[in-house]
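Undergrad: Dropping in query_13.cif, which is mmCIF, C-alpha atoms:
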```
data_structure
#
loop_
_atom_site.group_PDB
_atom_site.id
_atom_site.type_symbol
_atom_site.label_atom_id
_atom_site.label_comp_id
_atom_site.auth_asym_id
_atom_site.auth_seq_id
_atom_site.Cartn_x
_atom_site.Cartn_y
_atom_site.Cartn_z
ATOM 1 C CA MET A 29 5.053 -0.060 13.693
ATOM 2 C CA ARG A 30 1.893 1.967 14.166
ATOM 3 C CA ASP A 31 3.712 5.327 14.117
ATOM 4 C CA GLU A 32 5.172 4.541 10.680
ATOM 5 C CA PRO A 33 3.426 3.704 7.395
ATOM 6 C CA SER A 34 2.705 -0.013 7.148
ATOM 7 C CA ARG A 35 5.422 -1.965 5.365
ATOM 8 C CA THR A 36 3.137 -4.913 4.718
ATOM 9 C CA ALA A 37 0.587 -2.582 3.102
ATOM 10 C CA GLU A 38 3.257 -1.442 0.658
ATOM 11 C CA ALA A 39 4.318 -5.054 0.028
ATOM 12 C CA VAL A 40 0.723 -5.978 -0.797
ATOM 13 C CA CYS A 41 0.601 -3.009 -3.163
ATOM 14 C CA LEU A 42 3.779 -4.278 -4.842
ATOM 15 C CA PHE A 43 2.157 -7.673 -5.331
ATOM 16 C CA ARG A 44 -0.789 -6.062 -7.101
ATOM 17 C CA ALA A 45 1.546 -4.011 -9.264
ATOM 18 C CA THR A 46 3.432 -7.124 -10.425
ATOM 19 C CA ASP A 47 0.290 -8.590 -11.974
ATOM 20 C CA GLN A 48 0.066 -5.708 -14.463
ATOM 21 C CA ARG A 49 2.894 -7.185 -16.536
ATOM 22 C CA ARG A 50 0.677 -10.116 -17.485
ATOM 23 C CA ALA A 51 -1.803 -10.282 -20.335
ATOM 24 C CA SER A 52 -5.237 -9.121 -19.202
ATOM 25 C CA GLY A 53 -6.652 -12.660 -19.394
ATOM 26 C CA GLU A 54 -4.018 -13.972 -16.975
ATOM 27 C CA ARG A 55 -4.221 -11.213 -14.391
ATOM 28 C CA ILE A 56 -5.844 -12.049 -11.107
ATOM 29 C CA VAL A 57 -6.130 -8.363 -10.208
ATOM 30 C CA ASP A 58 -6.114 -5.458 -12.636
ATOM 31 C CA ASP A 59 -4.784 -2.479 -10.662
ATOM 32 C CA PRO A 60 -3.069 0.185 -12.803
ATOM 33 C CA TYR A 61 -2.765 2.524 -9.812
ATOM 34 C CA ALA A 62 -0.883 0.222 -7.417
ATOM 35 C CA ARG A 63 2.566 1.341 -8.555
ATOM 36 C CA LEU A 64 1.839 4.921 -7.478
ATOM 37 C CA PHE A 65 2.193 3.943 -3.817
ATOM 38 C CA LEU A 66 5.575 2.216 -4.058
ATOM 39 C CA GLY A 67 8.641 3.706 -2.429
ATOM 40 C CA PRO A 68 12.154 3.486 -3.942
ATOM 41 C CA VAL A 69 12.932 -0.053 -2.760
ATOM 42 C CA ALA A 70 9.568 -1.444 -3.916
ATOM 43 C CA ARG A 71 9.875 0.363 -7.254
ATOM 44 C CA ALA A 72 13.288 -1.212 -7.773
ATOM 45 C CA ALA A 73 11.854 -4.638 -6.955
ATOM 46 C CA LEU A 74 9.012 -4.106 -9.429
ATOM 47 C CA ALA A 75 11.456 -3.004 -12.142
ATOM 48 C CA THR A 76 13.530 -6.144 -11.573
ATOM 49 C CA ILE A 77 10.475 -8.384 -11.817
ATOM 50 C CA GLU A 78 9.325 -6.675 -14.998
ATOM 51 C CA ALA A 79 12.807 -6.877 -16.546
ATOM 52 C CA THR A 80 13.266 -10.591 -15.883
ATOM 53 C CA GLY A 81 10.037 -11.463 -17.678
ATOM 54 C CA ARG A 82 9.600 -15.201 -18.108
ATOM 55 C CA LEU A 83 12.034 -16.016 -15.296
ATOM 56 C CA ALA A 84 9.921 -14.069 -12.825
ATOM 57 C CA THR A 85 6.792 -15.860 -14.055
ATOM 58 C CA LEU A 86 8.408 -19.290 -13.630
ATOM 59 C CA ALA A 87 9.583 -18.351 -10.158
ATOM 60 C CA GLU A 88 6.043 -17.370 -9.161
ATOM 61 C CA GLN A 89 4.606 -20.594 -10.549
ATOM 62 C CA HIS A 90 6.992 -22.670 -8.429
ATOM 63 C CA ALA A 91 6.829 -20.466 -5.344
ATOM 64 C CA PRO A 92 4.725 -21.413 -2.288
ATOM 65 C CA GLY A 93 2.033 -18.957 -3.407
ATOM 66 C CA VAL A 94 1.866 -16.168 -0.825
ATOM 67 C CA ILE A 95 1.813 -13.472 -3.519
ATOM 68 C CA THR A 96 -0.861 -15.338 -5.443
ATOM 69 C CA TYR A 97 -2.974 -15.686 -2.321
ATOM 70 C CA VAL A 98 -2.817 -11.929 -1.716
ATOM 71 C CA LEU A 99 -3.892 -11.298 -5.317
ATOM 72 C CA ALA A 100 -6.703 -13.869 -5.173
ATOM 73 C CA ARG A 101 -7.908 -12.440 -1.850
ATOM 74 C CA HIS A 102 -8.053 -8.987 -3.395
ATOM 75 C CA ARG A 103 -9.902 -10.290 -6.444
ATOM 76 C CA TYR A 104 -12.428 -12.120 -4.273
ATOM 77 C CA ILE A 105 -13.225 -8.892 -2.432
ATOM 78 C CA ASP A 106 -13.319 -7.024 -5.748
ATOM 79 C CA ASP A 107 -16.036 -9.453 -6.810
ATOM 80 C CA CYS A 108 -17.945 -8.872 -3.566
ATOM 81 C CA LEU A 109 -17.818 -5.121 -4.185
ATOM 82 C CA ALA A 110 -18.889 -5.478 -7.821
ATOM 83 C CA ALA A 111 -21.872 -7.615 -6.785
ATOM 84 C CA ALA A 112 -22.849 -5.161 -4.040
ATOM 85 C CA LEU A 113 -22.710 -2.211 -6.436
ATOM 86 C CA HIS A 114 -25.204 -3.934 -8.710
ATOM 87 C CA GLY A 115 -27.689 -3.705 -5.829
ATOM 88 C CA PRO A 116 -28.885 -0.931 -3.525
ATOM 89 C CA VAL A 117 -25.723 -0.737 -1.389
ATOM 90 C CA ALA A 118 -25.332 2.847 -0.174
ATOM 91 C CA GLN A 119 -21.693 2.923 0.924
ATOM 92 C CA ALA A 120 -18.532 0.891 1.410
ATOM 93 C CA VAL A 121 -16.264 0.813 4.451
ATOM 94 C CA LEU A 122 -12.690 -0.446 4.051
ATOM 95 C CA LEU A 123 -11.110 -1.333 7.394
ATOM 96 C CA GLY A 124 -7.322 -1.326 7.283
ATOM 97 C CA ALA A 125 -7.527 0.191 3.813
ATOM 98 C CA GLY A 126 -3.781 0.538 3.322
ATOM 99 C CA TYR A 127 -3.118 1.516 -0.287
ATOM 100 C CA ASP A 128 -6.396 0.109 -1.568
ATOM 101 C CA THR A 129 -7.457 1.643 -4.907
ATOM 102 C CA ARG A 130 -10.974 0.243 -5.208
ATOM 103 C CA ALA A 131 -12.583 3.681 -4.897
ATOM 104 C CA TYR A 132 -10.814 4.637 -8.133
ATOM 105 C CA ARG A 133 -10.929 1.317 -9.970
ATOM 106 C CA PHE A 134 -14.686 1.076 -9.299
ATOM 107 C CA ALA A 135 -15.389 4.810 -9.584
ATOM 108 C CA SER A 136 -17.833 4.387 -12.470
ATOM 109 C CA ALA A 137 -19.846 1.633 -10.733
ATOM 110 C CA LEU A 138 -19.866 3.534 -7.443
ATOM 111 C CA HIS A 139 -21.751 6.431 -9.070
ATOM 112 C CA GLY A 140 -20.645 8.796 -6.334
ATOM 113 C CA ARG A 141 -21.449 6.494 -3.435
ATOM 114 C CA PRO A 142 -18.962 7.145 -0.625
ATOM 115 C CA VAL A 143 -16.063 4.881 0.294
ATOM 116 C CA PHE A 144 -14.831 5.199 3.875
ATOM 117 C CA GLU A 145 -11.177 4.205 4.263
ATOM 118 C CA LEU A 146 -10.096 3.538 7.845
ATOM 119 C CA ASP A 147 -6.465 2.963 8.771
ATOM 120 C CA PHE A 148 -3.684 3.825 11.162
ATOM 121 C CA PRO A 149 -2.721 7.512 10.893
ATOM 122 C CA ALA A 150 0.790 7.087 9.457
ATOM 123 C CA THR A 151 -0.374 4.908 6.574
ATOM 124 C CA SER A 152 -3.466 7.014 5.937
ATOM 125 C CA ARG A 153 -1.438 10.226 5.785
ATOM 126 C CA ARG A 154 1.176 8.790 3.422
ATOM 127 C CA LYS A 155 -1.598 7.609 1.130
ATOM 128 C CA ALA A 156 -3.245 11.038 1.217
ATOM 129 C CA ARG A 157 0.019 12.719 0.186
ATOM 130 C CA ILE A 158 0.518 10.348 -2.739
ATOM 131 C CA LEU A 159 -3.068 10.744 -3.910
ATOM 132 C CA GLU A 160 -2.690 14.512 -3.869
ATOM 133 C CA GLU A 161 0.456 14.256 -5.989
ATOM 134 C CA HIS A 162 -1.293 12.066 -8.565
ATOM 135 C CA ALA A 163 -4.789 13.567 -8.440
ATOM 136 C CA ARG A 164 -4.881 14.196 -12.202
ATOM 137 C CA GLU A 165 -4.171 10.537 -12.936
ATOM 138 C CA LEU A 166 -7.133 9.232 -10.954
ATOM 139 C CA PRO A 167 -10.875 9.227 -11.627
ATOM 140 C CA ARG A 168 -13.107 11.257 -9.352
ATOM 141 C CA ALA A 169 -14.295 9.331 -6.303
ATOM 142 C CA ASP A 170 -15.966 10.171 -3.002
ATOM 143 C CA VAL A 171 -13.377 8.919 -0.514
ATOM 144 C CA ARG A 172 -13.656 9.719 3.201
ATOM 145 C CA ARG A 173 -10.375 8.966 4.936
ATOM 146 C CA VAL A 174 -10.616 8.164 8.655
ATOM 147 C CA GLU A 175 -7.627 7.733 10.971
ATOM 148 C CA ILE A 176 -7.987 5.091 13.664
ATOM 149 C CA ASP A 177 -5.956 2.865 15.957
ATOM 150 C CA PHE A 178 -7.895 -0.399 15.722
ATOM 151 C CA LEU A 179 -6.318 -1.678 18.924
ATOM 152 C CA ALA A 180 -7.391 1.305 21.013
ATOM 153 C CA GLU A 181 -10.431 2.829 19.263
ATOM 154 C CA ASN A 182 -13.666 1.495 17.809
ATOM 155 C CA ILE A 183 -14.895 2.088 14.281
ATOM 156 C CA GLU A 184 -18.245 3.478 15.436
ATOM 157 C CA ASP A 185 -16.589 6.408 17.173
ATOM 158 C CA ALA A 186 -14.210 6.936 14.260
ATOM 159 C CA LEU A 187 -17.052 7.066 11.743
ATOM 160 C CA ALA A 188 -19.127 9.392 13.945
ATOM 161 C CA SER A 189 -17.151 12.391 12.685
ATOM 162 C CA THR A 190 -18.025 11.603 9.040
ATOM 163 C CA VAL A 191 -21.216 11.503 6.967
ATOM 164 C CA PHE A 192 -21.443 7.725 7.382
ATOM 165 C CA HIS A 193 -25.106 6.649 7.320
ATOM 166 C CA ARG A 194 -25.746 4.290 10.185
ATOM 167 C CA GLY A 195 -28.338 1.673 9.287
ATOM 168 C CA ALA A 196 -27.811 2.002 5.533
ATOM 169 C CA ARG A 197 -27.024 -0.994 3.381
ATOM 170 C CA THR A 198 -23.228 -1.215 3.529
ATOM 171 C CA LEU A 199 -20.411 -3.404 2.315
ATOM 172 C CA PHE A 200 -17.723 -3.699 4.983
ATOM 173 C CA VAL A 201 -14.267 -4.952 4.006
ATOM 174 C CA LEU A 202 -11.830 -6.370 6.554
ATOM 175 C CA GLU A 203 -8.805 -7.240 4.416
ATOM 176 C CA GLY A 204 -5.313 -7.972 5.671
ATOM 177 C CA LEU A 205 -6.143 -6.603 9.125
ATOM 178 C CA ALA A 206 -7.704 -9.192 11.450
ATOM 179 C CA MET A 207 -4.471 -11.179 11.761
ATOM 180 C CA TYR A 208 -2.730 -8.141 13.300
ATOM 181 C CA LEU A 209 -5.397 -7.493 15.931
ATOM 182 C CA THR A 210 -6.078 -9.132 19.266
ATOM 183 C CA ARG A 211 -9.046 -11.475 19.541
ATOM 184 C CA ASN A 212 -10.916 -8.860 21.570
ATOM 185 C CA ALA A 213 -10.216 -6.188 18.961
ATOM 186 C CA VAL A 214 -11.485 -8.475 16.184
ATOM 187 C CA LYS A 215 -14.651 -9.314 18.147
ATOM 188 C CA ASN A 216 -15.275 -5.676 19.022
ATOM 189 C CA THR A 217 -14.788 -4.604 15.408
ATOM 190 C CA LEU A 218 -17.209 -7.242 14.134
ATOM 191 C CA ALA A 219 -19.734 -6.298 16.821
ATOM 192 C CA ARG A 220 -19.563 -2.647 15.729
ATOM 193 C CA ILE A 221 -19.985 -3.647 12.103
ATOM 194 C CA ARG A 222 -23.154 -5.521 13.010
ATOM 195 C CA GLU A 223 -24.506 -2.493 14.854
ATOM 196 C CA LEU A 224 -23.681 -0.053 12.065
ATOM 197 C CA GLY A 225 -24.891 -1.996 9.034
ATOM 198 C CA GLY A 226 -28.458 -1.906 7.854
ATOM 199 C CA ALA A 227 -30.610 -4.556 6.182
ATOM 200 C CA GLY A 228 -28.735 -6.405 3.453
ATOM 201 C CA SER A 229 -25.315 -5.316 4.701
ATOM 202 C CA THR A 230 -22.446 -7.726 4.139
ATOM 203 C CA LEU A 231 -18.860 -8.248 5.212
ATOM 204 C CA ALA A 232 -15.933 -9.481 3.125
ATOM 205 C CA ALA A 233 -12.986 -10.557 5.277
ATOM 206 C CA ASP A 234 -9.899 -12.720 5.273
ATOM 207 C CA PHE A 235 -8.388 -14.717 8.117
ATOM 208 C CA TRP A 236 -5.085 -16.420 8.877
ATOM 209 C CA TYR A 237 -4.678 -19.748 10.623
ATOM 210 C CA LEU A 238 -1.878 -22.088 11.654
ATOM 211 C CA LEU A 239 -1.161 -25.015 9.371
ATOM 212 C CA ASP A 240 -0.784 -28.121 11.515
ATOM 213 C CA SER A 241 1.282 -30.185 9.087
ATOM 214 C CA THR A 242 4.860 -31.178 9.970
ATOM 215 C CA ASP A 243 6.298 -30.530 6.496
ATOM 216 C CA LEU A 244 9.007 -27.922 6.018
ATOM 217 C CA LEU A 245 6.782 -25.444 4.169
ATOM 218 C CA SER A 246 4.133 -25.447 6.898
ATOM 219 C CA THR A 247 6.804 -25.060 9.555
ATOM 220 C CA ALA A 248 8.224 -22.060 7.703
ATOM 221 C CA TYR A 249 4.742 -20.589 7.400
ATOM 222 C CA ARG A 250 4.174 -20.871 11.140
ATOM 223 C CA SER A 251 7.469 -19.051 11.654
ATOM 224 C CA SER A 252 6.296 -16.138 9.510
ATOM 225 C CA ALA A 253 4.329 -14.758 12.458
ATOM 226 C CA SER A 254 7.609 -14.237 14.307
ATOM 227 C CA LEU A 255 9.336 -12.779 11.239
ATOM 228 C CA LEU A 256 6.660 -10.108 10.815
ATOM 229 C CA SER A 257 7.303 -9.058 14.397
ATOM 230 C CA LEU A 258 10.662 -7.755 13.202
ATOM 231 C CA VAL A 259 8.915 -5.047 11.137
ATOM 232 C CA GLY A 260 6.523 -4.220 13.961
ATOM 233 C CA GLU A 261 3.496 -6.009 12.465
ATOM 234 C CA PRO A 262 3.235 -9.362 14.261
ATOM 235 C CA ILE A 263 0.494 -11.829 13.459
ATOM 236 C CA VAL A 264 -1.669 -12.117 16.556
ATOM 237 C CA PHE A 265 -5.091 -13.534 15.671
ATOM 238 C CA ALA A 266 -5.835 -16.843 13.968
ATOM 239 C CA LEU A 267 -9.161 -18.461 13.069
ATOM 240 C CA HIS A 268 -9.323 -21.898 11.473
ATOM 241 C CA PRO A 269 -11.919 -22.153 8.674
ATOM 242 C CA GLU A 270 -13.604 -25.031 10.532
ATOM 243 C CA ASP A 271 -14.233 -22.619 13.416
ATOM 244 C CA ALA A 272 -15.241 -19.612 11.315
ATOM 245 C CA GLY A 273 -18.959 -20.469 11.149
ATOM 246 C CA PRO A 274 -19.594 -20.678 14.911
ATOM 247 C CA PHE A 275 -17.333 -17.697 15.595
ATOM 248 C CA MET A 276 -19.142 -15.485 13.099
ATOM 249 C CA ARG A 277 -22.620 -16.670 14.169
ATOM 250 C CA ARG A 278 -21.934 -15.745 17.787
ATOM 251 C CA LEU A 279 -21.205 -12.213 16.580
ATOM 252 C CA GLY A 280 -24.330 -11.953 14.415
ATOM 253 C CA PHE A 281 -23.135 -13.024 10.962
ATOM 254 C CA ASP A 282 -24.005 -15.875 8.619
ATOM 255 C CA ILE A 283 -21.276 -16.964 6.225
ATOM 256 C CA VAL A 284 -22.650 -17.120 2.685
ATOM 257 C CA ASP A 285 -19.385 -18.076 0.969
ATOM 258 C CA LEU A 286 -15.931 -19.206 2.077
ATOM 259 C CA ALA A 287 -13.008 -19.675 -0.306
ATOM 260 C CA ASP A 288 -9.875 -21.455 0.853
ATOM 261 C CA ALA A 289 -6.642 -21.694 -1.145
ATOM 262 C CA GLN A 290 -7.910 -24.488 -3.375
ATOM 263 C CA GLU A 291 -11.130 -22.647 -4.186
ATOM 264 C CA LEU A 292 -9.352 -19.352 -4.821
ATOM 265 C CA ARG A 293 -7.013 -21.122 -7.241
ATOM 266 C CA ARG A 294 -9.944 -22.696 -9.057
ATOM 267 C CA ARG A 295 -11.765 -19.388 -9.415
ATOM 268 C CA TYR A 296 -8.973 -17.009 -10.306
ATOM 269 C CA VAL A 297 -5.700 -18.629 -11.379
ATOM 270 C CA ARG A 298 -5.272 -19.344 -15.101
ATOM 271 C CA ASP A 299 -1.519 -19.834 -15.420
ATOM 272 C CA GLY A 300 -0.496 -22.521 -12.946
ATOM 273 C CA ARG A 301 0.433 -20.338 -9.973
ATOM 274 C CA ASN A 302 0.040 -21.829 -6.514
ATOM 275 C CA VAL A 303 -2.132 -20.284 -3.804
ATOM 276 C CA PHE A 304 -0.604 -20.827 -0.396
ATOM 277 C CA PRO A 305 -2.873 -22.406 2.255
ATOM 278 C CA GLY A 306 -3.167 -21.006 5.725
ATOM 279 C CA ASN A 307 -5.433 -18.144 4.707
ATOM 280 C CA TYR A 308 -8.966 -17.888 3.390
ATOM 281 C CA VAL A 309 -11.585 -15.314 2.462
ATOM 282 C CA LEU A 310 -15.255 -15.239 3.318
ATOM 283 C CA GLU A 311 -18.389 -13.243 2.688
ATOM 284 C CA ALA A 312 -20.897 -12.959 5.523
ATOM 285 C CA ARG A 313 -24.338 -11.424 5.904
ATOM 286 C CA ILE A 314 -25.414 -9.472 8.972
ATOM 287 C CA VAL A 315 -28.340 -11.397 10.469
ATOM 288 C CA GLY A 316 -31.450 -9.964 12.007
ATOM 289 C CA ARG A 317 -31.589 -6.911 9.730
ATOM 290 C CA GLU A 318 -33.826 -8.142 6.941
#
```
Please express the file's structure as structure tokens.

TA:
Amino acid sequence: MRDEPSRTAEAVCLFRATDQRRASGERIVDDPYARLFLGPVARAALATIEATGRLATLAEQHAPGVITYVLARHRYIDDCLAAALHGPVAQAVLLGAGYDTRAYRFASALHGRPVFELDFPATSRRKARILEEHARELPRADVRRVEIDFLAENIEDALASTVFHRGARTLFVLEGLAMYLTRNAVKNTLARIRELGGAGSTLAADFWYLLDSTDLLSTAYRSSASLLSLVGEPIVFALHPEDAGPFMRRLGFDIVDLADAQELRRRYVRDGRNVFPGNYVLEARIVGRE
């Protein structure tokens, strides 16, 4: 529900926290700060996973792979950010930031470049309170928090009250958000991104789509959209990877890389975990700004 902190954002944070129990070479994501944002129930779940050790690892390896997908998605976008920071990118904009910790994990590489974190007010405010409580545990970072209702407001207006530099080279991140927006809201957000980004600006985003197989696992996955409605965060928007190219081109983007479940597993998984299909991540370049 939009007037309460996002439950799925906390679940995603829990997933990142679970990977810390692994050896560094087996982690998909290395996020030592994720556990800071967990409430009592999530902390109890994390403690149980950590206590069960090998049993939890075996369960993950034989699970459908939703957790592993979330981790691989995050790692993919981490890599996009790392690559951008090696170049002249001036700023990063995280749309639907949730409990993202990239501003702190990449603080050294950012060298003071600002990170704009946009999210629904309830989630943004809870994050701000937690960050204030743990300020001494975090590296210094230039984070500009912006409250927005993505279904009713546009990101251009939201960023207008900040020191965002329109036309500067920017990395935009749309992670774990598009699936919860209407098609019009997704199109409007992408159109605003194209208008705001300067030459060399890129977008890293993930999308959800319906699996059309008749097997039990795919049927259960299709039902997940209805299940998320019960916590007030229904899946609304879907975009099949075969349709992503034309869709993005119509909005002024060229896809430079697209990683589906199989590709994410090849790139990032070293211990046999599955990556569930039905989601993918892409990197796209804003066209016409070279």

Undergrad: Mind giving me the straight-line distance from CA of Glu181 in chain A to CA of Leu205 in chain A in Å, one decimal?

TA: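 That distance, rounded to one decimal, is 14.5 Å.
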
Undergrad: List the neighbours of Arg313 in chain A out to 10 Å using all atoms listed in the file; skip same-chain residues closer than 4 positions along the sequence, and give me the result as a ChimeraX atom specification.

TA: /A:199,222,225,227-232,276-277,280-285,317

Undergrad: Quick check on the file I pasted: which residues fall under the PyMOL selection byres ((chain A and resi 218-221) around 12)? Write them as a PDB file with C-alpha atoms, in the frame of the given file.

TA:
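Resulting contents of selection-v3.pdb:
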```
ATOM      1  CA  ALA A 120     -18.532   0.891   1.410  1.00  0.00           C
ATOM      2  CA  VAL A 121     -16.264   0.813   4.451  1.00  0.00           C
ATOM      3  CA  LEU A 122     -12.690  -0.446   4.051  1.00  0.00           C
ATOM      4  CA  LEU A 123     -11.110  -1.333   7.394  1.00  0.00           C
ATOM      5  CA  PHE A 178      -7.895  -0.399  15.722  1.00  0.00           C
ATOM      6  CA  GLU A 181     -10.431   2.829  19.263  1.00  0.00           C
ATOM      7  CA  ASN A 182     -13.666   1.495  17.809  1.00  0.00           C
ATOM      8  CA  ILE A 183     -14.895   2.088  14.281  1.00  0.00           C
ATOM      9  CA  GLU A 184     -18.245   3.478  15.436  1.00  0.00           C
ATOM     10  CA  ASP A 185     -16.589   6.408  17.173  1.00  0.00           C
ATOM     11  CA  ALA A 186     -14.210   6.936  14.260  1.00  0.00           C
ATOM     12  CA  LEU A 187     -17.052   7.066  11.743  1.00  0.00           C
ATOM     13  CA  ARG A 194     -25.746   4.290  10.185  1.00  0.00           C
ATOM     14  CA  GLY A 195     -28.338   1.673   9.287  1.00  0.00           C
ATOM     15  CA  ALA A 196     -27.811   2.002   5.533  1.00  0.00           C
ATOM     16  CA  ARG A 197     -27.024  -0.994   3.381  1.00  0.00           C
ATOM     17  CA  THR A 198     -23.228  -1.215   3.529  1.00  0.00           C
ATOM     18  CA  LEU A 199     -20.411  -3.404   2.315  1.00  0.00           C
ATOM     19  CA  PHE A 200     -17.723  -3.699   4.983  1.00  0.00           C
ATOM     20  CA  VAL A 201     -14.267  -4.952   4.006  1.00  0.00           C
ATOM     21  CA  LEU A 202     -11.830  -6.370   6.554  1.00  0.00           C
ATOM     22  CA  ALA A 206      -7.704  -9.192  11.450  1.00  0.00           C
ATOM     23  CA  LEU A 209      -5.397  -7.493  15.931  1.00  0.00           C
ATOM     24  CA  ARG A 211      -9.046 -11.475  19.541  1.00  0.00           C
ATOM     25  CA  ASN A 212     -10.916  -8.860  21.570  1.00  0.00           C
ATOM     26  CA  ALA A 213     -10.216  -6.188  18.961  1.00  0.00           C
ATOM     27  CA  VAL A 214     -11.485  -8.475  16.184  1.00  0.00           C
ATOM     28  CA  LYS A 215     -14.651  -9.314  18.147  1.00  0.00           C
ATOM     29  CA  ASN A 216     -15.275  -5.676  19.022  1.00  0.00           C
ATOM     30  CA  THR A 217     -14.788  -4.604  15.408  1.00  0.00           C
ATOM     31  CA  ARG A 222     -23.154  -5.521  13.010  1.00  0.00           C
ATOM     32  CA  GLU A 223     -24.506  -2.493  14.854  1.00  0.00           C
ATOM     33  CA  LEU A 224     -23.681  -0.053  12.065  1.00  0.00           C
ATOM     34  CA  GLY A 225     -24.891  -1.996   9.034  1.00  0.00           C
ATOM     35  CA  GLY A 226     -28.458  -1.906   7.854  1.00  0.00           C
ATOM     36  CA  SER A 229     -25.315  -5.316   4.701  1.00  0.00           C
ATOM     37  CA  THR A 230     -22.446  -7.726   4.139  1.00  0.00           C
ATOM     38  CA  LEU A 231     -18.860  -8.248   5.212  1.00  0.00           C
ATOM     39  CA  ALA A 232     -15.933  -9.481   3.125  1.00  0.00           C
ATOM     40  CA  ALA A 233     -12.986 -10.557   5.277  1.00  0.00           C
ATOM     41  CA  PHE A 275     -17.333 -17.697  15.595  1.00  0.00           C
ATOM     42  CA  MET A 276     -19.142 -15.485  13.099  1.00  0.00           C
ATOM     43  CA  ARG A 277     -22.620 -16.670  14.169  1.00  0.00           C
ATOM     44  CA  ARG A 278     -21.934 -15.745  17.787  1.00  0.00           C
ATOM     45  CA  LEU A 279     -21.205 -12.213  16.580  1.00  0.00           C
ATOM     46  CA  GLY A 280     -24.330 -11.953  14.415  1.00  0.00           C
ATOM     47  CA  PHE A 281     -23.135 -13.024  10.962  1.00  0.00           C
ATOM     48  CA  ALA A 312     -20.897 -12.959   5.523  1.00  0.00           C
ATOM     49  CA  ARG A 313     -24.338 -11.424   5.904  1.00  0.00           C
ATOM     50  CA  ILE A 314     -25.414  -9.472   8.972  1.00  0.00           C
ATOM     51  CA  VAL A 315     -28.340 -11.397  10.469  1.00  0.00           C
TER      52      VAL A 315
END
```

Undergrad: List as JSON, numbers by chain the protein and nucleic acid residues near Arg294 in chain A, meaning an atom at most 12 Å away when all atoms listed in the file are counted, but skip any in the same chain fewer than 4 places from it.

TA: {"A": [56, 97, 100, 104, 287, 288, 289, 290, 298, 299, 300, 301, 302, 303]}

Undergrad: A:Gly140, A:Pro305, A:Val297, A:Val40: which is nearest Ile95 in chain A, counting only C-alpha atoms?

TA: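 Closest to Ile95 in chain A of all the choices is A:Val40.
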
Undergrad: Counting all atoms listed in the file, what is within 8 Å of range 42-53 of chain A, bar same-chain residues fewer than 2 positions away, as a ChimeraX atom specification?

TA: /A:38-40,55-63,66,70,74,77-78,95,98-99

Undergrad: Work out how far apart CA of Ala272 in chain A and CA of Leu239 in chain A are and give it in Å to one decimal.

TA: 15.2 Å

Undergrad: Edge lengths and centre, in Å to one decimal, as lines of an AutoDock Vina configuration file: that's what I need for the box along x, y and z that holds all listed atoms of range 299-311 of chain A plus 3 Å on each side.

TA:
```
center_x = -9.0
center_y = -17.9
center_z = -4.8
size_x = 24.8
size_y = 15.3
size_z = 27.1
```

Undergrad: Name the residues captured by the PyMOL selection byres ((chain A and resi 135) around 12) when it is applied to the shown file; answer as a PyMOL selection string.

TA: chain A and resi 109-110+113+129-134+136-143+166-171

Undergrad: Tell me which protein, DNA and RNA residues are within 9 Å of Asn307 in chain A, counting all atoms listed in the file, leaving out same-chain ones fewer than 4 positions away, and put them as a PyMOL selection string.

TA: chain A and resi 97+234-238+268-269+288-289

Undergrad: With all atoms listed in the file as the counted atoms, please give the residues lying no more than 8 Å from Phe148 in chain A, apart from itself and same-chain residues fewer than 6 positions off, as a ChimeraX atom specification.

TA: /A:30,124,175-178

Undergrad: What residues come out when you apply the PyMOL selection byres ((chain A and resi 151-163) around 8) to this file, written as a CSV table (one decimal) with C-alpha atoms, in the coordinates of the input?

TA:
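part-v4.csv, freshly written:
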```
chain,number,residue,atom,x,y,z
A,32,GLU,CA,5.2,4.5,10.7
A,33,PRO,CA,3.4,3.7,7.4
A,34,SER,CA,2.7,0.0,7.1
A,64,LEU,CA,1.8,4.9,-7.5
A,65,PHE,CA,2.2,3.9,-3.8
A,126,GLY,CA,-3.8,0.5,3.3
A,127,TYR,CA,-3.1,1.5,-0.3
A,146,LEU,CA,-10.1,3.5,7.8
A,147,ASP,CA,-6.5,3.0,8.8
A,148,PHE,CA,-3.7,3.8,11.2
A,149,PRO,CA,-2.7,7.5,10.9
A,150,ALA,CA,0.8,7.1,9.5
A,164,ARG,CA,-4.9,14.2,-12.2
A,165,GLU,CA,-4.2,10.5,-12.9
A,166,LEU,CA,-7.1,9.2,-11.0
A,173,ARG,CA,-10.4,9.0,4.9
A,174,VAL,CA,-10.6,8.2,8.7
A,175,GLU,CA,-7.6,7.7,11.0
```

Undergrad: If you measure from CA of Leu292 in chain A to CA of Glu88 in chain A, what distance in Å do you get, rounded to one decimal?

TA: 16.1 Å

Undergrad: Quick one: of A:Thr190, A:Ala79, A:Val94, A:Ala118, who's nearest to Gly306 in chain A, counting only C-alpha atoms?

TA: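 Closest candidate: A:Val94.
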
Undergrad: With distances taken over only C-alpha atoms, which residue among A:Gly316, A:His114, A:His102, A:Leu179 lies nearest Glu203 in chain A?

TA: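 The closest residue to Glu203 in chain A is A:His102.
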
Undergrad: Between A:Glu145, A:Gly273, A:Arg82, A:Ala72, which residue has the minimum interatomic distance to Glu311 in chain A, considering only C-alpha atoms?

TA: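 So, comparing all the options, the nearest one is A:Gly273.
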